[in-house]
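Since the structure comes first, as structure tokens, the remarks are kept for the end.
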Amino acid sequence: MIALFALPTLVCTAQKKDEKKSRKTEKRQKYAAMARQEEEGVLVYNRQNTFGLQLRTDGYGIFYEHGRMKTPRFTNLYMAEFTEIKHPKEHKLRATEGAFGASLILGKINYFYQFKLGFGQQYIFGQKGNKNGIAVMGIYEGGLSLGLLRPYYIDVNDNGTKRSVKYESADSTLFLTKYLQSSGLSKGWNELKIRPGAFLKAALRFDFNKYNEKVQAVQIGFSVEAYSQKIPLIIRRDPDRLFYQGHLAFVFGGRR
């Protein structure tokens, strides 16, 4: 009688052991396949996290990407980026007063920063082929861009008194005629103006790190941003709401 009651338990325990053994076998086979692919120069991973430093034709920026591989060639990307756009006609002048190396940008109205959140995909055009090869990837991303305008202040000489002024004020004549130096990065943060917009980005990435679990790449790309209102950056130049730029970036991170 006891044996009859114990039999289902024994059967259930045996089934669990078989299932556990089967999972372990599948896991070993998966890792073995991934190891073979890695030896052959194939990028294999579940997730990747990368950071980038970029020089743009109109400024600079940094970004972060979280990637989740969906197929051997496609990876979904979730990204955040912070950039600054500068007007191509900006020209730095040596300050008339201040510490050595102090400067200003005559006629500049605003700093213009962008914080972006977006989604995209990475497609692998060519695998590394071997550990010393280069993987070539195409990337496209799009999403929301939050534009942030901060007034540009300069120190002026107002009848012997030094004070900070911005262009869009009653003191705008002093802004151009009695300037001394830039007021620095401490001014204007309490006067930020928000300009919502959107962006699209496309790039080619060349990963040359010989280890599969590391990312070390150079990226060349192009992006466009559009904003709900025109963005005044410098005097005597029409403000724009559409911005085009190219970029060169160094990308680093890891995979697992």
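Following the order of the structure tokens, chains are lettered A, B, ..., residues in each are numbered from 1, and ligands are numbered from 1.
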
Contacts of Gly188 of chain A at 8 Å or less, counting only C-alpha atoms, minus same-chain residues fewer than 3 places along, as number ranges by chain? A: 150-153, 191-192

Could you work out how far atom CA of Leu148 of chain A lies from atom CA of Phe252 of chain A, giving the answer in Å with one decimal? 27.3 Å

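Of the listed residues (A:Gly118, A:Gly253, A:Gly246, A:Gly67), A:Gly67 comes nearest to Arg47 of chain A; the distances count only C-alpha atoms.
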
Check the smallest atom-to-atom distance from each of A:Gly138, A:Gly126, A:Pro88, A:Gly61 to Ile220 of chain A using only C-alpha atoms, then report the winner. A:Gly138

So that I can check the surroundings of Ile62 of chain A, please list as a PyMOL selection string every protein, DNA and RNA residue that reaches within 7 Å of it, counting only C-alpha atoms and ignoring chain neighbours fewer than 2 positions away. chain A and resi 52-54+81-83

Identify, on the basis of only C-alpha atoms, every residue whose closest approach to Gln48 of chain A does not exceed 7 Å; exclude the query and any residue fewer than 3 positions from it along the same chain; express the result as a list in words.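 The residues that qualify are His66, Gly67, Arg68, Gly254, Arg255 and Arg256 of chain A.
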
Output of the above residues as a PDB file, in the first residue's frame, restricted to C-alpha atoms:
```
ATOM      1  CA  HIS A  66      21.041  49.562 -24.395  1.00  0.00           C
ATOM      2  CA  GLY A  67      20.725  46.811 -26.989  1.00  0.00           C
ATOM      3  CA  ARG A  68      18.821  43.519 -26.979  1.00  0.00           C
ATOM      4  CA  GLY A 254      30.279  45.520 -23.218  1.00  0.00           C
ATOM      5  CA  ARG A 255      28.122  42.543 -24.195  1.00  0.00           C
ATOM      6  CA  ARG A 256      26.782  39.555 -22.307  1.00  0.00           C
TER       7      ARG A 256
END
```

Counting only C-alpha atoms, the residue of A:Tyr140, A:Tyr45, A:Trp189, A:Phe199 that sits nearest Gly221 of chain A: A:Tyr140

Any idea what's packed within 6 Å of segment 91-93 of chain A, counting only C-alpha atoms, ignoring anything in its chain fewer than 4 positions away? Could you give it as a tab-separated table (two decimals) with N, CA and C atoms, in the first residue's frame?
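selection_19.tsv written:
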```
chain	number	residue	atom	x	y	z
A	103	SER	N	37.66	84.45	-23.11
A	103	SER	CA	37.15	84.77	-24.44
A	103	SER	C	35.65	84.98	-24.39
A	104	LEU	N	35.10	85.37	-25.54
A	104	LEU	CA	33.65	85.53	-25.67
A	104	LEU	C	33.27	85.28	-27.12
A	105	ILE	N	31.99	85.06	-27.36
A	105	ILE	CA	31.45	84.90	-28.70
A	105	ILE	C	30.54	86.09	-28.97
```

Could you pull out the alpha helix (DSSP H) residues of segment 33-240 of chain A, going by DSSP on the backbone, and write them as a CSV table (one decimal) with N, CA and C atoms, in the first residue's frame?
```
chain,number,residue,atom,x,y,z
A,33,ALA,N,27.7,26.4,-28.9
A,33,ALA,CA,27.5,27.0,-30.2
A,33,ALA,C,27.9,28.4,-30.3
A,34,MET,N,27.7,29.2,-29.2
A,34,MET,CA,28.1,30.6,-29.1
A,34,MET,C,29.6,30.6,-29.1
A,35,ALA,N,30.3,29.7,-28.4
A,35,ALA,CA,31.8,29.7,-28.4
A,35,ALA,C,32.3,29.5,-29.8
A,36,ARG,N,31.7,28.5,-30.6
A,36,ARG,CA,32.1,28.2,-31.9
A,36,ARG,C,31.9,29.5,-32.8
A,37,GLN,N,30.8,30.1,-32.6
A,37,GLN,CA,30.5,31.3,-33.4
A,37,GLN,C,31.5,32.4,-33.1
A,38,GLU,N,31.8,32.6,-31.8
A,38,GLU,CA,32.8,33.6,-31.5
A,38,GLU,C,34.2,33.3,-32.1
A,39,GLU,N,34.6,32.0,-32.1
A,39,GLU,CA,35.9,31.7,-32.7
A,39,GLU,C,35.9,32.0,-34.2
A,172,SER,N,21.1,95.7,-24.6
A,172,SER,CA,21.7,95.0,-25.8
A,172,SER,C,22.7,95.8,-26.5
A,173,THR,N,22.7,97.2,-26.4
A,173,THR,CA,23.7,98.0,-27.1
A,173,THR,C,25.1,97.8,-26.4
A,174,LEU,N,25.1,97.6,-25.1
A,174,LEU,CA,26.3,97.3,-24.4
A,174,LEU,C,26.8,95.9,-24.8
A,175,PHE,N,25.9,95.0,-25.1
A,175,PHE,CA,26.3,93.7,-25.5
A,175,PHE,C,27.3,93.7,-26.7
A,176,LEU,N,27.2,94.7,-27.5
A,176,LEU,CA,28.0,94.7,-28.7
A,176,LEU,C,29.1,95.8,-28.7
A,177,THR,N,29.0,96.8,-27.8
A,177,THR,CA,29.9,97.9,-27.8
A,177,THR,C,30.9,98.0,-26.7
```

Tell me which protein, DNA and RNA residues are within 10 Å of segment 235-245 of chain A, counting only C-alpha atoms, leaving out same-chain ones fewer than 3 positions away, and put them as a ChimeraX atom specification. /A:56-59,85,87,89,106-110,167-168,195,197-201,221-232

Quick one: of A:Gly120, A:Leu146, A:Phe250, A:Thr71, who's nearest to Val215 of chain A, counting only C-alpha atoms?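 Among the listed residues, A:Phe250 lies closest to Val215 of chain A.
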
Using only C-alpha atoms, which protein or nucleic acid residues come within 9 Å of Phe125 of chain A? Drop anything in the same chain fewer than 4 positions from it, and give the result as JSON, numbers by chain. {"A": [73, 135, 136, 137, 138]}

Written selection (N, CA and C atoms) as a PDB file, in the first residue's frame:
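Printed below is result30.pdb as written:
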```pdb
ATOM      1  N   ARG A  73      21.342  38.998 -36.639  1.00  0.00           N
ATOM      2  CA  ARG A  73      21.745  40.238 -37.310  1.00  0.00           C
ATOM      3  C   ARG A  73      21.075  41.488 -36.758  1.00  0.00           C
ATOM      4  N   ALA A 135      33.752  44.191 -37.502  1.00  0.00           N
ATOM      5  CA  ALA A 135      32.326  44.018 -37.768  1.00  0.00           C
ATOM      6  C   ALA A 135      31.747  45.348 -38.240  1.00  0.00           C
ATOM      7  N   VAL A 136      30.941  45.308 -39.291  1.00  0.00           N
ATOM      8  CA  VAL A 136      30.323  46.517 -39.847  1.00  0.00           C
ATOM      9  C   VAL A 136      28.824  46.475 -39.576  1.00  0.00           C
ATOM     10  N   MET A 137      28.323  47.543 -38.956  1.00  0.00           N
ATOM     11  CA  MET A 137      26.915  47.583 -38.557  1.00  0.00           C
ATOM     12  C   MET A 137      26.258  48.858 -39.059  1.00  0.00           C
ATOM     13  N   GLY A 138      24.995  48.749 -39.396  1.00  0.00           N
ATOM     14  CA  GLY A 138      24.187  49.910 -39.724  1.00  0.00           C
ATOM     15  C   GLY A 138      23.221  50.190 -38.586  1.00  0.00           C
TER      16      GLY A 138
END
```

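Residue nearest Thr50 of chain A within the list A:Leu117, A:Ile194, A:Ala80, A:Ile124: A:Ala80 [criterion: smallest interatomic distance, only C-alpha atoms].
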
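Among A:Gln122, A:Asn49, A:Gln114, A:Ser164, the residue with the shortest atom-to-atom distance to Lys187 of chain A, counting only C-alpha atoms, is A:Ser164.
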
What separates atom CA of Lys162 of chain A and atom CA of Gln181 of chain A is a distance of 10.4 Å
